[in-house]
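One structure is given below, encoded as structure tokens.
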Amino acid sequence: MNNTTTTTRFSLVHRLGAWWTRQRETQQRQALRRRCPPATVAADQIPPAVRSAWAHHATDEFPGLAVDDAAWLRCSLGLAQFFEACRLQRGQGPCALPSRAADSVWHVWLALDPAGLAGWQQRYFGREVEHYEAEALGAPLEDCLARTWVGSCRSEGLGLLGPRLPLLFALDGLLRLPAGWAYRFEKRGLVHRQINGLGLPGGSAVTHAAIAGGGLLALGLISEAELAALRRRQASDGGDAGGGSWSSGDDGCSGGSDDGGCSCGSGCGGGGGGD
């Protein structure tokens, strides 16, 4: 085999590999955008100036955050899904933001154009969700996180007892964001570990007992009939929800007073949304 033939074959393999990679990336983007249609519609209308400011400044506050097009799609959809979860849980109390990656878009937009952000929220989610620190939520963070879990799952049509994570809870793990939170749903409920400097879950797992069948029932976020139906479905599917990989492998789709808001930088997330 001469050098020309070898080079030609190598070039063909390289082109086929590049084509396959592009096809796979396109399919992943399409699947991601289908996960929560209301979030996709809203995220598509975020002004280009916000995207540009985020790319230039988000890593100042969130070192290690990817700021390429794929990361922007995930982060912007994650933030929009949080506001959709707040909308779906309105009347239940404040929600908590479980993703530092989603919060990175919120922080940049607040600094750049708070009036534009408020108008976008009103247009797509029916109200402004204000940004608060965790201690200003006026409700236990666990309860706030449980409301976000329920709203996020309902926005994607996912079961409330896991094991699949909605995008918002999978986001930091998907991006391997240092100091972010990697989630996993186990038999005992939702757990998270903080992501280390290598982009991997590290340290002890923190259990969120409120995000389990009994906890959601006690908070009035699920009815006894719905809980019984979910448990029957779990049994028919082969057992308890639990196990599975940490959130770094799942890509498929805070405000706090009664009027909404966010807490960030404390515990596992941010503030609320709901009256």
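Identifiers in the structure tokens: chain A, B, ... in order shown; residue index from 1 per chain; ligand index from 1 in order shown.
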*asked:* Residues within 10 Å of A:Leu216, please, as a PyMOL selection string. Count only C-alpha atoms; anything in the same chain fewer than 3 positions from it doesn't count.
replied: chain A and resi 143+146-147+149-150+160-161+209-213+219-224+227
Taking the DSSP assignment computed from this structure's backbone, write out as an mmCIF file with C-alpha atoms, in the first residue's frame all residues of stretch 55-254 of chain A that belong to strand (DSSP E or B).
data_model
loop_
_atom_site.group_PDB
_atom_site.id
_atom_site.type_symbol
_atom_site.label_atom_id
_atom_site.label_comp_id
_atom_site.auth_asym_id
_atom_site.auth_seq_id
_atom_site.Cartn_x
_atom_site.Cartn_y
_atom_site.Cartn_z
ATOM 1 C CA TRP A 181 -23.608 20.219 42.841
ATOM 2 C CA ALA A 182 -23.862 16.716 41.398
ATOM 3 C CA TYR A 183 -27.201 15.047 42.153
ATOM 4 C CA ARG A 184 -28.360 11.458 42.215
ATOM 5 C CA PHE A 185 -31.707 9.942 43.148
ATOM 6 C CA GLU A 186 -31.499 6.991 45.499
ATOM 7 C CA GLY A 189 -34.330 10.285 48.263
ATOM 8 C CA LEU A 190 -32.271 12.837 46.370
ATOM 9 C CA VAL A 191 -28.625 13.219 47.367
ATOM 10 C CA HIS A 192 -25.889 15.550 46.205
ATOM 11 C CA ARG A 193 -22.146 15.868 46.441
ATOM 12 C CA GLN A 194 -20.134 18.989 45.739
ATOM 13 C CA ILE A 195 -18.113 18.831 42.524
ATOM 14 C CA PRO A 201 -18.429 14.491 42.721
ATOM 15 C CA GLY A 202 -16.422 14.445 45.933
ATOM 16 C CA GLY A 203 -16.871 14.293 49.676
ATOM 17 C CA SER A 204 -19.823 12.978 51.618
ATOM 18 C CA ALA A 205 -23.257 12.748 50.031
ATOM 19 C CA VAL A 206 -25.921 15.059 51.458
ATOM 20 C CA THR A 207 -29.399 13.533 51.558
ATOM 21 C CA HIS A 208 -32.505 15.602 50.805
#
*Separation of atom CA of A:Glu142 and atom CA of A:Arg123, in Å?*
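Atom-to-atom, atom CA of A:Glu142 to atom CA of A:Arg123, that is 29.0 Å.
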*asked:* Give me the residues near A:Gly116 as a list in words, where near means some atom within 12 Å (using only C-alpha atoms) and where sequence neighbours in that chain fewer than 5 positions away do not count.
replied: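 Listed by chain and then number, they are Gln45, Ile46, Pro47, Ala49, Val50, Trp106, Trp109, Leu110, Ala111, Gln121, Gln122, Arg123 and Glu128 of chain A.
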*Might you pull out every residue within 9 Å of A:Arg35, with only C-alpha atoms counted and same-chain residues fewer than 3 positions away left off, and present them as a ChimeraX atom specification?*
/A:30-32,39-40,155-157,166-167,252-253
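For A:Pro63, the list of residues within 10 Å, based on only C-alpha atoms and with local chain neighbours fewer than 2 positions off taken out, reads Ala58, Thr59, Asp60, Glu61, Leu65, Ala66, Leu177, Pro178, Ala179 and Gly197 of chain A.
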For the residues selected in the previous step, produce a file with N, CA and C atoms as a short mmCIF file (atom, residue, chain, number, x, y, z; two decimals), in the first residue's frame.
data_model
loop_
_atom_site.label_atom_id
_atom_site.label_comp_id
_atom_site.auth_asym_id
_atom_site.auth_seq_id
_atom_site.Cartn_x
_atom_site.Cartn_y
_atom_site.Cartn_z
N ALA A 58 -18.89 35.32 33.08
CA ALA A 58 -19.39 34.29 34.01
C ALA A 58 -18.28 33.56 34.74
N THR A 59 -17.15 33.35 34.06
CA THR A 59 -16.06 32.62 34.70
C THR A 59 -15.36 33.42 35.78
N ASP A 60 -15.59 34.74 35.82
CA ASP A 60 -15.01 35.53 36.91
C ASP A 60 -15.59 35.07 38.26
N GLU A 61 -16.87 34.77 38.27
CA GLU A 61 -17.53 34.33 39.51
C GLU A 61 -17.59 32.82 39.62
N LEU A 65 -16.25 27.11 34.63
CA LEU A 65 -17.48 26.98 33.86
C LEU A 65 -17.18 27.06 32.37
N ALA A 66 -17.64 26.08 31.61
CA ALA A 66 -17.52 26.15 30.15
C ALA A 66 -18.44 27.23 29.62
N LEU A 177 -18.92 21.37 36.71
CA LEU A 177 -18.60 22.70 37.23
C LEU A 177 -18.00 22.62 38.63
N PRO A 178 -16.74 23.02 38.80
CA PRO A 178 -16.14 23.00 40.14
C PRO A 178 -16.95 23.83 41.12
N ALA A 179 -17.17 23.27 42.31
CA ALA A 179 -17.96 23.88 43.38
C ALA A 179 -19.46 23.82 43.09
N GLY A 197 -12.42 20.11 42.11
CA GLY A 197 -11.68 20.83 41.09
C GLY A 197 -11.41 20.03 39.84
#
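Closest to A:Leu230 among A:Gly151, A:Leu175, A:Leu158, A:Gly180 is A:Leu158, based on only C-alpha atoms.
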*asked:* I'd like to know which of A:Ser11, A:Ser99, A:Ser104, A:Thr148 is closest to A:Trp72, using only C-alpha atoms.
replied: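 For A:Trp72, the nearest of the given residues is A:Ser104.
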*asked:* What does the structure give for the distance between atom CA of A:Arg74 and atom CA of A:Trp54, in Å to one decimal?
replied: 13.0 Å
_A:Ala80 surroundings by only C-alpha atoms, 10 Å radius, close-in-sequence under 3 positions cut, as a VMD selection string_ = chain A and resid 36 38 to 44 46 74 to 77 83 to 86 102 105 to 106 121 124 to 125 168
*Take atom CA of A:Arg87 and atom CA of A:Gly126 and report the distance between them in Å, one decimal.*
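Atom-to-atom, atom CA of A:Arg87 to atom CA of A:Gly126, that is 7.5 Å.
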*Go through stretch 54-200 of chain A and collect every residue that DSSP, computed from the backbone, puts in alpha helix (DSSP H); the answer should be as a ChimeraX atom specification.*
/A:54-61,69-88,100-112,114-125,141-156,167-175
Using only C-alpha atoms, please write the residues we just selected to a file, as a PDB file, in the first residue's frame.
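As a result, selection_14.pdb now contains:
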ATOM      1  CA  TRP A  54     -22.068  35.706  30.055  1.00  0.00           C
ATOM      2  CA  ALA A  55     -19.290  34.357  27.817  1.00  0.00           C
ATOM      3  CA  HIS A  56     -16.987  37.181  28.901  1.00  0.00           C
ATOM      4  CA  HIS A  57     -17.781  37.469  32.611  1.00  0.00           C
ATOM      5  CA  ALA A  58     -19.395  34.288  34.007  1.00  0.00           C
ATOM      6  CA  THR A  59     -16.062  32.615  34.701  1.00  0.00           C
ATOM      7  CA  ASP A  60     -15.013  35.532  36.911  1.00  0.00           C
ATOM      8  CA  GLU A  61     -17.526  34.335  39.508  1.00  0.00           C
ATOM      9  CA  ASP A  69     -22.302  27.234  22.640  1.00  0.00           C
ATOM     10  CA  ALA A  70     -23.197  23.843  24.134  1.00  0.00           C
ATOM     11  CA  ALA A  71     -22.731  25.154  27.673  1.00  0.00           C
ATOM     12  CA  TRP A  72     -24.802  28.261  26.922  1.00  0.00           C
ATOM     13  CA  LEU A  73     -27.662  26.114  25.653  1.00  0.00           C
ATOM     14  CA  ARG A  74     -27.659  24.051  28.836  1.00  0.00           C
ATOM     15  CA  CYS A  75     -27.248  26.991  31.226  1.00  0.00           C
ATOM     16  CA  SER A  76     -29.893  29.171  29.583  1.00  0.00           C
ATOM     17  CA  LEU A  77     -32.361  26.280  29.412  1.00  0.00           C
ATOM     18  CA  GLY A  78     -31.606  25.444  33.042  1.00  0.00           C
ATOM     19  CA  LEU A  79     -32.391  28.952  34.239  1.00  0.00           C
ATOM     20  CA  ALA A  80     -35.570  29.073  32.155  1.00  0.00           C
ATOM     21  CA  GLN A  81     -36.620  25.712  33.578  1.00  0.00           C
ATOM     22  CA  PHE A  82     -36.174  27.063  37.099  1.00  0.00           C
ATOM     23  CA  PHE A  83     -38.541  29.936  36.365  1.00  0.00           C
ATOM     24  CA  GLU A  84     -40.987  27.476  34.791  1.00  0.00           C
ATOM     25  CA  ALA A  85     -40.771  25.342  37.947  1.00  0.00           C
ATOM     26  CA  CYS A  86     -41.534  28.458  40.015  1.00  0.00           C
ATOM     27  CA  ARG A  87     -44.543  29.130  37.790  1.00  0.00           C
ATOM     28  CA  LEU A  88     -45.837  25.596  38.181  1.00  0.00           C
ATOM     29  CA  ARG A 100     -24.668  27.243  40.039  1.00  0.00           C
ATOM     30  CA  ALA A 101     -24.422  26.971  36.240  1.00  0.00           C
ATOM     31  CA  ALA A 102     -27.982  28.239  35.817  1.00  0.00           C
ATOM     32  CA  ASP A 103     -27.299  30.920  38.415  1.00  0.00           C
ATOM     33  CA  SER A 104     -24.357  32.154  36.338  1.00  0.00           C
ATOM     34  CA  VAL A 105     -26.764  33.370  33.642  1.00  0.00           C
ATOM     35  CA  TRP A 106     -29.029  35.002  36.238  1.00  0.00           C
ATOM     36  CA  HIS A 107     -26.151  36.910  37.859  1.00  0.00           C
ATOM     37  CA  VAL A 108     -24.817  38.240  34.555  1.00  0.00           C
ATOM     38  CA  TRP A 109     -28.277  39.305  33.356  1.00  0.00           C
ATOM     39  CA  LEU A 110     -29.048  41.040  36.654  1.00  0.00           C
ATOM     40  CA  ALA A 111     -25.829  43.038  36.371  1.00  0.00           C
ATOM     41  CA  LEU A 112     -26.339  43.855  32.690  1.00  0.00           C
ATOM     42  CA  PRO A 114     -32.333  43.939  35.348  1.00  0.00           C
ATOM     43  CA  ALA A 115     -35.312  45.668  33.707  1.00  0.00           C
ATOM     44  CA  GLY A 116     -34.940  43.519  30.590  1.00  0.00           C
ATOM     45  CA  LEU A 117     -34.717  40.400  32.743  1.00  0.00           C
ATOM     46  CA  ALA A 118     -37.885  41.348  34.628  1.00  0.00           C
ATOM     47  CA  GLY A 119     -39.741  41.946  31.363  1.00  0.00           C
ATOM     48  CA  TRP A 120     -38.637  38.573  29.971  1.00  0.00           C
ATOM     49  CA  GLN A 121     -39.788  36.825  33.154  1.00  0.00           C
ATOM     50  CA  GLN A 122     -43.165  38.549  33.007  1.00  0.00           C
ATOM     51  CA  ARG A 123     -43.654  37.635  29.358  1.00  0.00           C
ATOM     52  CA  TYR A 124     -42.802  33.933  29.620  1.00  0.00           C
ATOM     53  CA  PHE A 125     -43.515  33.051  33.257  1.00  0.00           C
ATOM     54  CA  LEU A 141     -34.062  25.304  52.133  1.00  0.00           C
ATOM     55  CA  GLU A 142     -35.000  21.616  51.971  1.00  0.00           C
ATOM     56  CA  ASP A 143     -38.665  22.498  51.444  1.00  0.00           C
ATOM     57  CA  CYS A 144     -37.745  25.097  48.815  1.00  0.00           C
ATOM     58  CA  LEU A 145     -35.619  22.573  46.952  1.00  0.00           C
ATOM     59  CA  ALA A 146     -38.449  20.021  47.057  1.00  0.00           C
ATOM     60  CA  ARG A 147     -40.767  22.511  45.342  1.00  0.00           C
ATOM     61  CA  THR A 148     -38.188  23.061  42.607  1.00  0.00           C
ATOM     62  CA  TRP A 149     -37.815  19.302  42.187  1.00  0.00           C
ATOM     63  CA  VAL A 150     -41.554  18.836  41.732  1.00  0.00           C
ATOM     64  CA  GLY A 151     -41.890  21.787  39.340  1.00  0.00           C
ATOM     65  CA  SER A 152     -38.871  20.701  37.275  1.00  0.00           C
ATOM     66  CA  CYS A 153     -40.056  17.104  37.031  1.00  0.00           C
ATOM     67  CA  ARG A 154     -43.545  18.196  36.019  1.00  0.00           C
ATOM     68  CA  SER A 155     -42.090  20.529  33.383  1.00  0.00           C
ATOM     69  CA  GLU A 156     -40.458  17.513  31.714  1.00  0.00           C
ATOM     70  CA  LEU A 167     -32.126  19.147  33.430  1.00  0.00           C
ATOM     71  CA  LEU A 168     -31.927  21.745  36.197  1.00  0.00           C
ATOM     72  CA  PHE A 169     -30.715  19.167  38.726  1.00  0.00           C
ATOM     73  CA  ALA A 170     -28.362  17.463  36.260  1.00  0.00           C
ATOM     74  CA  LEU A 171     -26.835  20.688  34.940  1.00  0.00           C
ATOM     75  CA  ASP A 172     -23.773  21.255  37.155  1.00  0.00           C
ATOM     76  CA  GLY A 173     -22.756  17.624  36.847  1.00  0.00           C
ATOM     77  CA  LEU A 174     -23.170  17.684  33.073  1.00  0.00           C
ATOM     78  CA  LEU A 175     -20.829  20.671  32.884  1.00  0.00           C
TER      79      LEU A 175
END
